[in-house]
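Data first, discussion second: the structure below is written as structure tokens.
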Amino acid sequence: MTVWRAANARRVLAALLRIGWTIKRETGSHRTLAREGWPNYVFAFHDNDELGPKMLSRIAKHTGLTPEDL
């Protein structure tokens, strides 16, 4: 069983910004995030989109996000 719970995209983006990611550029709902020592990550979700455990796990793999960050 996964430790991730579903969350909306606005909450996930806020958590990413808290752990050191910054918005490098934005085009519509696509935001390119940057963080020192990590490759850029494209966060392509609308604010009210519900992200399930599997998608949160994928985001965590690329960004270093943990369930405690949410």
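By convention here, the chains of the structure tokens are called A, B, ... in the order presented, each chain's residues are numbered starting at 1, and ligands are numbered starting at 1 in the order presented.
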- [ ] Using only C-alpha atoms, determine which residues lie at most 10 Å from Arg25 of chain A, disregarding the query and same-chain residues fewer than 4 positions distant; provide the list as JSON, numbers by chain.
- [x] {"A": [30, 31, 32, 33, 34, 42]}
TODO: as a ChimeraX atom specification, please: all residues of chain A that backbone DSSP puts in helix (DSSP H, G or I).
DONE: /A:9-18,53-63,67-69
Take the residues from that selection and put them in a file with N, CA, C and O atoms, as a compact mmCIF listing (two decimals), in the first residue's frame.
# COMPACT_ATOMS: atom_id res chain seq x y z
N ALA A 9 -3.78 19.87 -7.02
CA ALA A 9 -2.53 20.34 -7.62
C ALA A 9 -2.02 21.62 -6.97
O ALA A 9 -0.81 21.81 -6.84
N ARG A 10 -2.92 22.48 -6.54
CA ARG A 10 -2.50 23.73 -5.89
C ARG A 10 -1.70 23.43 -4.62
O ARG A 10 -0.67 24.06 -4.35
N ARG A 11 -2.15 22.45 -3.86
CA ARG A 11 -1.47 22.06 -2.61
C ARG A 11 -0.10 21.45 -2.91
O ARG A 11 0.89 21.71 -2.21
N VAL A 12 -0.02 20.64 -3.95
CA VAL A 12 1.24 20.01 -4.32
C VAL A 12 2.23 21.07 -4.79
O VAL A 12 3.41 21.05 -4.39
N LEU A 13 1.78 22.01 -5.62
CA LEU A 13 2.66 23.07 -6.09
C LEU A 13 3.17 23.91 -4.92
O LEU A 13 4.36 24.24 -4.85
N ALA A 14 2.30 24.22 -3.96
CA ALA A 14 2.72 24.99 -2.79
C ALA A 14 3.78 24.23 -2.00
O ALA A 14 4.76 24.83 -1.52
N ALA A 15 3.63 22.92 -1.88
CA ALA A 15 4.62 22.11 -1.16
C ALA A 15 5.96 22.12 -1.91
O ALA A 15 7.02 22.21 -1.28
N LEU A 16 5.91 22.03 -3.23
CA LEU A 16 7.15 22.07 -4.02
C LEU A 16 7.87 23.40 -3.84
O LEU A 16 9.10 23.45 -3.70
N LEU A 17 7.11 24.49 -3.82
CA LEU A 17 7.72 25.80 -3.62
C LEU A 17 8.33 25.92 -2.22
O LEU A 17 9.39 26.53 -2.05
N ARG A 18 7.69 25.32 -1.23
CA ARG A 18 8.22 25.35 0.14
C ARG A 18 9.54 24.59 0.27
O ARG A 18 10.38 24.97 1.07
N PRO A 53 -2.51 8.98 -5.76
CA PRO A 53 -1.28 8.47 -5.16
C PRO A 53 -0.20 8.10 -6.18
O PRO A 53 0.98 8.37 -5.97
N LYS A 54 -0.62 7.51 -7.29
CA LYS A 54 0.37 7.10 -8.30
C LYS A 54 1.06 8.31 -8.94
O LYS A 54 2.28 8.32 -9.10
N MET A 55 0.29 9.34 -9.25
CA MET A 55 0.88 10.55 -9.84
C MET A 55 1.75 11.27 -8.82
O MET A 55 2.83 11.76 -9.14
N LEU A 56 1.34 11.31 -7.57
CA LEU A 56 2.16 11.94 -6.53
C LEU A 56 3.49 11.20 -6.36
O LEU A 56 4.53 11.82 -6.16
N SER A 57 3.44 9.89 -6.47
CA SER A 57 4.66 9.09 -6.38
C SER A 57 5.61 9.42 -7.53
O SER A 57 6.82 9.53 -7.34
N ARG A 58 5.06 9.59 -8.72
CA ARG A 58 5.88 9.94 -9.89
C ARG A 58 6.49 11.33 -9.72
O ARG A 58 7.66 11.55 -10.05
N ILE A 59 5.70 12.27 -9.23
CA ILE A 59 6.21 13.63 -9.00
C ILE A 59 7.33 13.59 -7.97
O ILE A 59 8.37 14.23 -8.13
N ALA A 60 7.14 12.81 -6.91
CA ALA A 60 8.13 12.71 -5.85
C ALA A 60 9.45 12.16 -6.36
O ALA A 60 10.53 12.60 -5.95
N LYS A 61 9.38 11.21 -7.27
CA LYS A 61 10.59 10.61 -7.83
C LYS A 61 11.45 11.65 -8.54
O LYS A 61 12.68 11.62 -8.48
N HIS A 62 10.80 12.63 -9.18
CA HIS A 62 11.52 13.64 -9.96
C HIS A 62 11.85 14.91 -9.17
O HIS A 62 12.68 15.70 -9.60
N THR A 63 11.18 15.11 -8.03
CA THR A 63 11.34 16.38 -7.32
C THR A 63 11.84 16.26 -5.89
O THR A 63 12.19 17.28 -5.29
N PRO A 67 5.68 12.64 1.47
CA PRO A 67 4.32 12.81 1.98
C PRO A 67 4.24 13.81 3.13
O PRO A 67 3.23 14.51 3.29
N GLU A 68 5.28 13.93 3.92
CA GLU A 68 5.29 14.88 5.03
C GLU A 68 5.31 16.33 4.56
O GLU A 68 4.92 17.23 5.29
N ASP A 69 5.79 16.56 3.32
CA ASP A 69 5.83 17.93 2.78
C ASP A 69 4.45 18.48 2.48
O ASP A 69 4.25 19.69 2.45
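The strand (DSSP E or B) portion of chain A consists of Ala7, Asn8, Thr22, Ile23, Lys24, Arg25, Glu26, Thr27, His30, Arg31, Thr32, Leu33, Ala34, Arg35, Trp38, Pro39, Asn40, Tyr41, Val42, Phe43, Ala44, Glu50 and Leu51 of chain A, with states taken from DSSP on the backbone.
Relative to atom CA of Glu50 of chain A, atom CA of Ile23 of chain A is found at 20.5 Å.
Counting from atom CA of Arg35 of chain A, the distance to atom CA of Ala7 of chain A is 22.1 Å.
Picture a line from atom CA of Ile19 of chain A to atom CA of Gly64 of chain A; it runs 8.7 Å.
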Task: Given only C-alpha atoms as the counted atoms, nearest of A:Leu70, A:Glu36, A:His46, A:Gly52 to Gly20 of chain A - done: A:Glu36
